[in-house]
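Okay, structure first, notes after.
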Amino acid sequence: MQREFVKAPFKSGVLKWIDDRLPVLSWAYNELVIYPAPRNLNYWWNLGSLAGFMLVVQIVTGVVLAMHYTPNAEMAFDSVERIMRDVNWGWLLRYLHANGASMFFFAVYIHMFRGLYYGSYKAPRELLWMIGVVILLLMMATAFMGYVLPWGQMSYWAAQVITNLFSAIPLVGDTIVTWLWGGFVVGNPTLQRFYALHYLLPFIIFAFVFLHILALHQTGSNNPLGIDLTAKDKIPFHPYYTVKDVFGLCLFLLLYGALVFYAPDALVVPINYEPANPLQTPLHIVPEWYFLPFYAMLRAINFDILWIIPAKLGGVLVMFSSILVLFFLPWLDTSKVRSATFRPLYKWFFWLFVANALMLGYLGAQPPEGWYLTLSQLGTAYYFLFFLVIMPVLGKIERPRPLPESLSEPVLGAAQPQPAK
Amino acid sequence: MAEAKTGAQAGERTTRRDFLELVAWTTLGVGAAATLWPFIDSLNPAADTLALATTEVDLEPIEVGQRVTVVWRGKPVFISHRTPEEIEQARATPLEELKDPEPDEARAQRPEWLVVIGICTHLGCVPAGNRAGEERGGWGGWFCPCHGSHYDTAGRIRQGPAPRNLDLPPYTFVSDTVVRIG
Ligand code: HEM
Ligand code: FES
């Protein structure tokens, strides 16, 4: 859908003078004020702006934390403790930042499930979706490296285990790992480069978010019915969705605030308050909650695949593929119908997928033995079956319910005739 | 380039311009790679990191049955003063039972001293079993708590996701009671 570029109406001559030479204000006016959005968007469409808000929060709190933090293996832990105890409001900034990462992932995961349910990855929004997957990967890298910075026991061992994933690569694995570490173990050189990258990546994410929105506004938003809408089914973004987004933000902030002020360490493993000790691995190591499903899949592969891929490499491949498969989703799903509302069978598989993801998350925190292990293996199998088999096959055999022609049809058509007043 | 192709198809010879273009692109490519290399290589271990390369350990105070952890290149190295039973157990194991078959003789220069790098070959945790009272796994060697790898008294992988036996550092016995690692 191509829209015409409209010049913003200015009361102030100064703004007009600037805009005539550098049309950023008009650009913002087109994309954030008059952008025509579907009138039927539900609350699941709030999560995108919430994720954007969290990115800004992370950057703002992060930059201030960086002014007090020391990226050195000898001093990092103490500098974070100093932030907590001595720096004015340091406790607040750090808790906002640490829990901010959780809120960020929480928003992004729901945002992605929304896309999966309403078929937002289908033509013509394939690139929009793929840019989203790039953002997810960058976020994961950023959060992982951020978690290493306080240099506690869990920081250290997370860094050790995750960087060692690359040692599974045949032939060059060990060389790559030494290169990543800048030494023979995770140590000061590792910490310093992680810090540099942790500072850099959020700005790269910012650039990708920009592309994400550019792509979104090129095709226009999808909507709960998943049908293409005409201009009369759209309303201007401002004030309708600015108000709705701010309302959603208030609810989201209540949750964020509850975490930061009442349970700031609820999502933190206590052992990360012990300084890193390269000679002693904690007995139970777990990643942050937002990595648990992937960690469960990594550990589910404790057998050699087809006799040729050793278990270690197999686990690593499965874990990385679980995200890479998302890039191919637009082509794996063969159904022309976007919204699950009109797909009676897909709906069930979708909810099973959600339940499965939650189960994998639970299993990722349990020891990989007995039933836990068996369930992780079943969960991993369903995760991949969903994308690689169910998606392609279902589109061919499922009979979708009839799609409405336009928005006014289901809305007005379903309405009972009102008695005249 | 497309033009050059049609030219060649029409029976014309490769022109001097094609050659110059090839040379220009190749030079640019090699130059770019050469420029990139210092950036990439700067992330490899620095000279001072490499310099920490040897550690000498006095074996005198380590009693039979005791295990200690020393640091070499920042890595934990396990030194196990093995009991006759532990040696016997390691030597009696048939090689067919092993995932990464290596006879005990190839792993210990002197039977009573086992020197291995204390880093699990799965994803790099430090296996438990060096301190008194720690879990030693099903084969009396070491047990890695991260994803459940069991090692025997020769540091060989017996069960779990680790692909290899615990690595051996290069070491020499300087005397009967001093070993130099590295
Ligand atoms: C995509 C956005 C970001 C995410 C998801 C993120 C995530 C994290 C996480 C999970 C931690 C560990 C918190 C803890 O356990 O203490 C952390 C720490 C840290 N981050 Fe970020 N971060 C982001 C952006 C930034 C930015 C832009 C900066 C700016 C320099 C920054 C600076 C820091 C510093 C200095 C620490 C160490 C202090 C601490 O541990 O609280 N972060 N980050
Ligand atoms: S790191 Fe030892 S079992 Fe995974």
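We name chains A, B, ... following the order of the structure tokens; residues begin at 1 in each chain, and ligands are numbered from 1 as shown.
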
Please find the residues contacting ligand 2 at a distance of at most 6 Å between atoms, with only C-alpha atoms and all ligand atoms counted, and report them as a PyMOL selection string.
chain B and resi 120+122-125+144+146-149+161-162

Residues of chain A within 6 Å of chain B: nearest atom pair and distance (Å, one decimal) for each, counting only C-alpha atoms, sorted by chain and number, as a Markdown table?
| residue | atom | partner | partner_atom | distance |
| --- | --- | --- | --- | --- |
| A:Val161 | CA | B:Leu123 | CA | 4.9 |
| A:Asn164 | CA | B:Leu123 | CA | 5.0 |
| A:Trp179 | CA | B:Asn44 | CA | 4.6 |
| A:Gly182 | CA | B:Pro45 | CA | 4.3 |
| A:Gly183 | CA | B:Pro45 | CA | 4.6 |
| A:Leu279 | CA | B:Pro76 | CA | 5.8 |
| A:Thr281 | CA | B:Val126 | CA | 5.4 |
| A:Leu283 | CA | B:Pro145 | CA | 5.5 |
| A:Asn302 | CA | B:Pro161 | CA | 5.6 |

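Coordinates place CA of Met54 in chain A at a distance of 5.5 Å from CA of Phe104 in chain A.
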
Point out the residue among A:Arg94, A:Arg343, A:Lys336, A:Arg3 with the least atom-to-atom distance to ligand 1, counting only C-alpha atoms and all ligand atoms.
A:Arg94

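Neighbouring residues of Ala158 in chain A at 10 Å or closer, counting only C-alpha atoms and skipping chain neighbours under 4 positions away, are A:Phe144, A:Met145, A:Tyr147, A:Val148, A:Gly152, A:Gln153, A:Met154, A:Ile162, A:Thr163, A:Asn164, A:Ile285, A:Val286, A:Pro287, A:Glu288, B:Cys125.
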
Write out as a list in words the residues lying within 10 Å of range 170-174 of chain A, counting only C-alpha atoms and excluding same-chain residues fewer than 6 positions away.
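Listed by chain and then number, they are Asn164, Leu180, Phe184 and Leu313 of chain A.
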
Test item: residues at most 8 Å from Pro36 in chain A, only C-alpha atoms, excluding those fewer than 2 positions along its chain, as a VMD selection string
chain A and resid 34 38 220 231 234 to 237

Can you write out the residues you just picked, keeping N, CA and C atoms, as a PDB file, in the first residue's frame?
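Generated output (out_18.pdb):
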ATOM      1  N   ILE A  34      -0.632  10.430  11.191  1.00  0.00           N
ATOM      2  CA  ILE A  34      -1.738  10.100  10.290  1.00  0.00           C
ATOM      3  C   ILE A  34      -1.650   8.688   9.723  1.00  0.00           C
ATOM      4  N   PRO A  38      -5.419  -0.272  10.958  1.00  0.00           N
ATOM      5  CA  PRO A  38      -6.699  -0.985  10.945  1.00  0.00           C
ATOM      6  C   PRO A  38      -7.512  -0.615  12.176  1.00  0.00           C
ATOM      7  N   GLY A 220       1.638  -1.860   5.697  1.00  0.00           N
ATOM      8  CA  GLY A 220       0.525  -1.608   6.605  1.00  0.00           C
ATOM      9  C   GLY A 220       0.407  -2.755   7.604  1.00  0.00           C
ATOM     10  N   ALA A 231      -9.091   1.548   2.689  1.00  0.00           N
ATOM     11  CA  ALA A 231      -8.889   2.779   3.450  1.00  0.00           C
ATOM     12  C   ALA A 231     -10.027   3.043   4.433  1.00  0.00           C
ATOM     13  N   LYS A 234      -9.710   1.857   8.008  1.00  0.00           N
ATOM     14  CA  LYS A 234      -8.550   2.313   8.777  1.00  0.00           C
ATOM     15  C   LYS A 234      -8.833   3.633   9.481  1.00  0.00           C
ATOM     16  N   ILE A 235      -8.093   3.845  10.557  1.00  0.00           N
ATOM     17  CA  ILE A 235      -8.209   5.090  11.306  1.00  0.00           C
ATOM     18  C   ILE A 235      -6.808   5.640  11.546  1.00  0.00           C
ATOM     19  N   PRO A 236      -6.685   6.964  11.727  1.00  0.00           N
ATOM     20  CA  PRO A 236      -5.343   7.525  11.936  1.00  0.00           C
ATOM     21  C   PRO A 236      -4.738   7.031  13.244  1.00  0.00           C
ATOM     22  N   PHE A 237      -3.427   6.808  13.220  1.00  0.00           N
ATOM     23  CA  PHE A 237      -2.718   6.293  14.388  1.00  0.00           C
ATOM     24  C   PHE A 237      -2.941   7.189  15.611  1.00  0.00           C
TER      25      PHE A 237
END

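Pairwise distance (atom 43 (N, counted along the ligand's line) of ligand 1, CA of Gly100 in chain A) equals 8.5 Å.
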
At a cut-off of 6 Å, using only C-alpha atoms, what residues contact Gly137 in chain B? Leave out same-chain residues fewer than 5 positions from it and give the result as an NGL selection string.
:B and (142-143 or 150)
